[in-house]
Amino acid sequence: MNESYTIAVLYGGKSTEHEVSVHSAATVCRTLQRKYRIVPILIDKEGKWFLQQTCCEKTPSDVPITPVISDKGTLFVPCKNEYIKIDVFFPVLHGTNGEDGTMQGLLECLEVPYVGCGVLASAMGMDKEISKLIALQAGVPTVPYVKLTRDVPYEEAALKVWAEKQGYPIFVKPIRLGSSVGVTKVKDAAQLTQAIAFAFRFDTDILIEKGIDNAQEVFCGLLGEGAKVRSSECGELKSLAGEFFDYEAKYITVGGCETRVPAVLPEKTRADIRHYSEEIFKVLRGSGLARADFLVDKEGKAWFSEINTIPGMSETSLYPQLFEAAGIAYPDVLDELLALAIKTYQRKQTVLTERV
Ligand SMILES: Nc1ncnc2c1ncn2[C@@H]1O[C@H](COP(=O)(O)OP(=O)(O)O)[C@@H](O)[C@H]1O
Ligand SMILES: [Mg+2]
């Protein structure tokens with residue numbers, strides 16, 4: 001990677017994971033600025049873009065900045081009447097409007113290299129049903145589920161029979177969200193209706209899933225693209241604070257979770273998880289990075305849970321630790337991501353956009 005490159009790091013966003021994203025991006029900026037010129041851009045909770053001095057939450061000195069569609073990779077600072085040329089965009093955005101393909105679509109229109117999965121893989125990865133279907137296609141076990149759509153009536157009695165058959169606990173969750181927002185562990189039929197109404201506050205589609213009770217939660221990082229994707233070491237997180245790995249355990253409660261890298265797993269389970277993760281990434285047509293999450297049951301069987309195409313990237317997040325454990329230092333991971341962004345962009349440039 002050319003060290004004279006200017007990298008725009010995008011973070012914050014109109015998402016329930018805004019704060020988590022700022023935290024991730026602070027580490028990414030700090031690590032990259034040792035080598036590159038960084039342009040830190042906060043997207044506020046209304047979706048407005050601001051140029052910052054350093055990556056943090058909103059400050060009074062932030063300056064409005066806007067992307068320019070008609071001039072490849074250019075940003076405009078109205079109050080200074082100044083243009084900034086960006087070589088690579090690095091979206092460190094979690095969840096809605098950032099990780100779900102929408103930002104990737106905008107970056108495609110800006111015709112600029114950007115880090116991570118493209119529009120399709122991002123959108124599919126964000127949707128917990130579509131990503132399960134992808135996993136099944138790749139031959140990976142996934143937990144049984146029922147999908148509900150808001151304003152489409154469903155048979156409550158039949159749903160309760162289904163839940164009874166799976167056995168409680170059941171997990172109810174928004175189909176396209178993260179950080180455990182809107183997720184409820186349902187222990188009996190009486191709690192189901194309320195959990196459904198709660199999840200519908202965050203999304204128009206929700207999943208009701210068979211619960212893997214007392215599951216070991218195991219995570220595997222992915223780096224690369226297509227057939228050349230590499231999986232990291234497996235890691236595990238344990239919630240010490242609540243009944244499951246909820247938002248509080250993840251980010252609020254001090255000591256709310258315990259991280260173990262490498263995860264304590266039977267060798268076969270570890271190998272399965274790494275293989276499953278790579279296969280899912282390939283079928284998803286992932287590029288750059290992702291983290292695949294699994295629930296391991298008492299018998300040591302791994303069930304695919306979800307894939308995050310922009311996983312947590314702060315120094316305390318799993319993704320950097322998983323690759324450190326695999327012998328790849330974080331600055332090298334980030335360098336590889338930037339190089340891949342440029343390679344992917346250059347490859348796209350070779351495609352004809354006119355008939356011959
Ligand atoms: N089917 C399930 N069985 C057991 N635990 C689950 C299940 N689904 C979710 N959970 C618990 O809820 C947490 C959040 O759910 P998850 O599907 O990972 O959503 P998010 O995208 O918000 O992280 C998981 O880390 C796990 O602790
Ligand atoms: Mg999760």
# chains A, B, ... in the order shown; residues from 1 in each chain; ligands from 1

call {"tool": "closest_atom_pairs", "arguments": {"of": "chain A", "to": "ligand 2", "cutoff": "10 Å", "atoms": "only C-alpha atoms and all ligand atoms", "output": "tab-separated table"}}
result
residue	atom	partner	partner_atom_place_in_ligand_line	distance
A:Leu177	CA	ligand 2	1 (Mg)	9.1
A:Gly178	CA	ligand 2	1 (Mg)	6.3
A:Ser179	CA	ligand 2	1 (Mg)	6.2
A:Ser180	CA	ligand 2	1 (Mg)	6.4
A:Val181	CA	ligand 2	1 (Mg)	9.7
A:Val183	CA	ligand 2	1 (Mg)	9.9
A:Glu217	CA	ligand 2	1 (Mg)	9.0
A:Phe219	CA	ligand 2	1 (Mg)	9.4
A:Phe245	CA	ligand 2	1 (Mg)	8.0
A:Asp246	CA	ligand 2	1 (Mg)	8.9
A:Tyr247	CA	ligand 2	1 (Mg)	10.0
A:Lys250	CA	ligand 2	1 (Mg)	9.9
A:Arg291	CA	ligand 2	1 (Mg)	9.8
A:Ala292	CA	ligand 2	1 (Mg)	9.1
A:Asp293	CA	ligand 2	1 (Mg)	6.7
A:Phe294	CA	ligand 2	1 (Mg)	8.8
A:Leu295	CA	ligand 2	1 (Mg)	9.9
A:Ser305	CA	ligand 2	1 (Mg)	7.5
A:Glu306	CA	ligand 2	1 (Mg)	6.5
A:Ile307	CA	ligand 2	1 (Mg)	8.1
A:Asn308	CA	ligand 2	1 (Mg)	8.0
A:Pro311	CA	ligand 2	1 (Mg)	9.7

call {"tool": "write_last_selection", "arguments": {"atoms": "C-alpha atoms", "output": "PDB file, in the first residue's frame"}}
result
ATOM      1  CA  LEU A 177     -29.761  -5.378  13.628  1.00  0.00           C
ATOM      2  CA  GLY A 178     -26.827  -6.020  15.916  1.00  0.00           C
ATOM      3  CA  SER A 179     -25.334  -5.571  19.386  1.00  0.00           C
ATOM      4  CA  SER A 180     -28.283  -7.587  20.787  1.00  0.00           C
ATOM      5  CA  VAL A 181     -30.640  -4.613  20.412  1.00  0.00           C
ATOM      6  CA  VAL A 183     -33.294  -9.426  21.281  1.00  0.00           C
ATOM      7  CA  GLU A 217     -20.522 -18.505  21.738  1.00  0.00           C
ATOM      8  CA  PHE A 219     -16.425 -16.428  16.719  1.00  0.00           C
ATOM      9  CA  PHE A 245     -25.014 -11.888  25.637  1.00  0.00           C
ATOM     10  CA  ASP A 246     -27.133  -8.727  25.698  1.00  0.00           C
ATOM     11  CA  TYR A 247     -26.192  -5.079  25.066  1.00  0.00           C
ATOM     12  CA  LYS A 250     -21.397  -6.442  25.641  1.00  0.00           C
ATOM     13  CA  ARG A 291     -16.724 -12.349  11.497  1.00  0.00           C
ATOM     14  CA  ALA A 292     -18.868 -15.478  11.574  1.00  0.00           C
ATOM     15  CA  ASP A 293     -20.613 -16.268  14.862  1.00  0.00           C
ATOM     16  CA  PHE A 294     -21.589 -19.723  16.079  1.00  0.00           C
ATOM     17  CA  LEU A 295     -23.473 -21.273  18.968  1.00  0.00           C
ATOM     18  CA  SER A 305     -25.790 -17.886  14.138  1.00  0.00           C
ATOM     19  CA  GLU A 306     -24.893 -14.810  12.099  1.00  0.00           C
ATOM     20  CA  ILE A 307     -22.201 -13.097  10.059  1.00  0.00           C
ATOM     21  CA  ASN A 308     -21.025  -9.526  10.636  1.00  0.00           C
ATOM     22  CA  PRO A 311     -17.324  -6.591  13.017  1.00  0.00           C
TER      23      PRO A 311
END

call {"tool": "residues_around", "arguments": {"residues": "A:Glu236", "least_positions_apart": "5", "cutoff": "6 Å", "atoms": "only C-alpha atoms", "output": "list in words"}}
result
Glu217, Val218, Thr259, Arg260 and Ala263 of chain A

call {"tool": "atom_distance", "arguments": {"atom1": "atom CA of A:Arg34", "atom2": "atom CA of A:Asn2"}}
result
13.1 Å

call {"tool": "closest_residue", "arguments": {"among": "A:Ala227, A:Val152, A:Ile212, A:Val143", "to": "A:Glu299", "atoms": "only C-alpha atoms"}}
result
A:Ile212

call {"tool": "select_by_dssp", "arguments": {"residues": "stretch 213-331 of chain A", "states": "alpha helix (DSSP H)", "output": "compact mmCIF listing (two decimals) with C-alpha atoms, in the first residue's frame"}}
result
# COMPACT_ATOMS: atom_id res chain seq x y z
CA TYR A 247 -26.19 -5.08 25.07
CA GLU A 267 -10.36 -29.99 17.68
CA LYS A 268 -13.15 -31.17 15.36
CA THR A 269 -15.48 -28.34 16.40
CA ARG A 270 -12.70 -25.81 15.89
CA ALA A 271 -11.91 -27.19 12.42
CA ASP A 272 -15.64 -27.28 11.53
CA ILE A 273 -16.12 -23.66 12.57
CA ARG A 274 -13.17 -22.44 10.53
CA HIS A 275 -14.27 -24.45 7.50
CA TYR A 276 -17.92 -23.35 7.84
CA SER A 277 -16.86 -19.71 8.16
CA GLU A 278 -14.78 -19.82 4.99
CA GLU A 279 -17.54 -21.60 3.04
CA ILE A 280 -20.21 -19.10 4.13
CA PHE A 281 -17.95 -16.18 3.17
CA LYS A 282 -17.40 -17.68 -0.28
CA VAL A 283 -21.10 -18.33 -1.00
CA LEU A 318 -12.55 -9.93 18.99
CA TYR A 319 -11.68 -9.43 15.32
CA PRO A 320 -8.18 -7.98 15.90
CA GLN A 321 -7.51 -10.51 18.66
CA LEU A 322 -8.56 -13.46 16.49
CA PHE A 323 -5.97 -12.56 13.85
CA GLU A 324 -3.28 -11.69 16.41
CA ALA A 325 -3.77 -15.26 17.67
CA TYR A 330 -3.60 -5.69 13.47
CA PRO A 331 -1.70 -3.07 11.38

call {"tool": "atom_distance", "arguments": {"atom1": "atom CA of A:Asp87", "atom2": "atom CA of A:Lys228"}}
result
24.4 Å

call {"tool": "closest_residue", "arguments": {"among": "A:Gly312, A:Asn214, A:Thr6, A:Arg347", "to": "A:Arg37", "atoms": "only C-alpha atoms"}}
result
A:Thr6
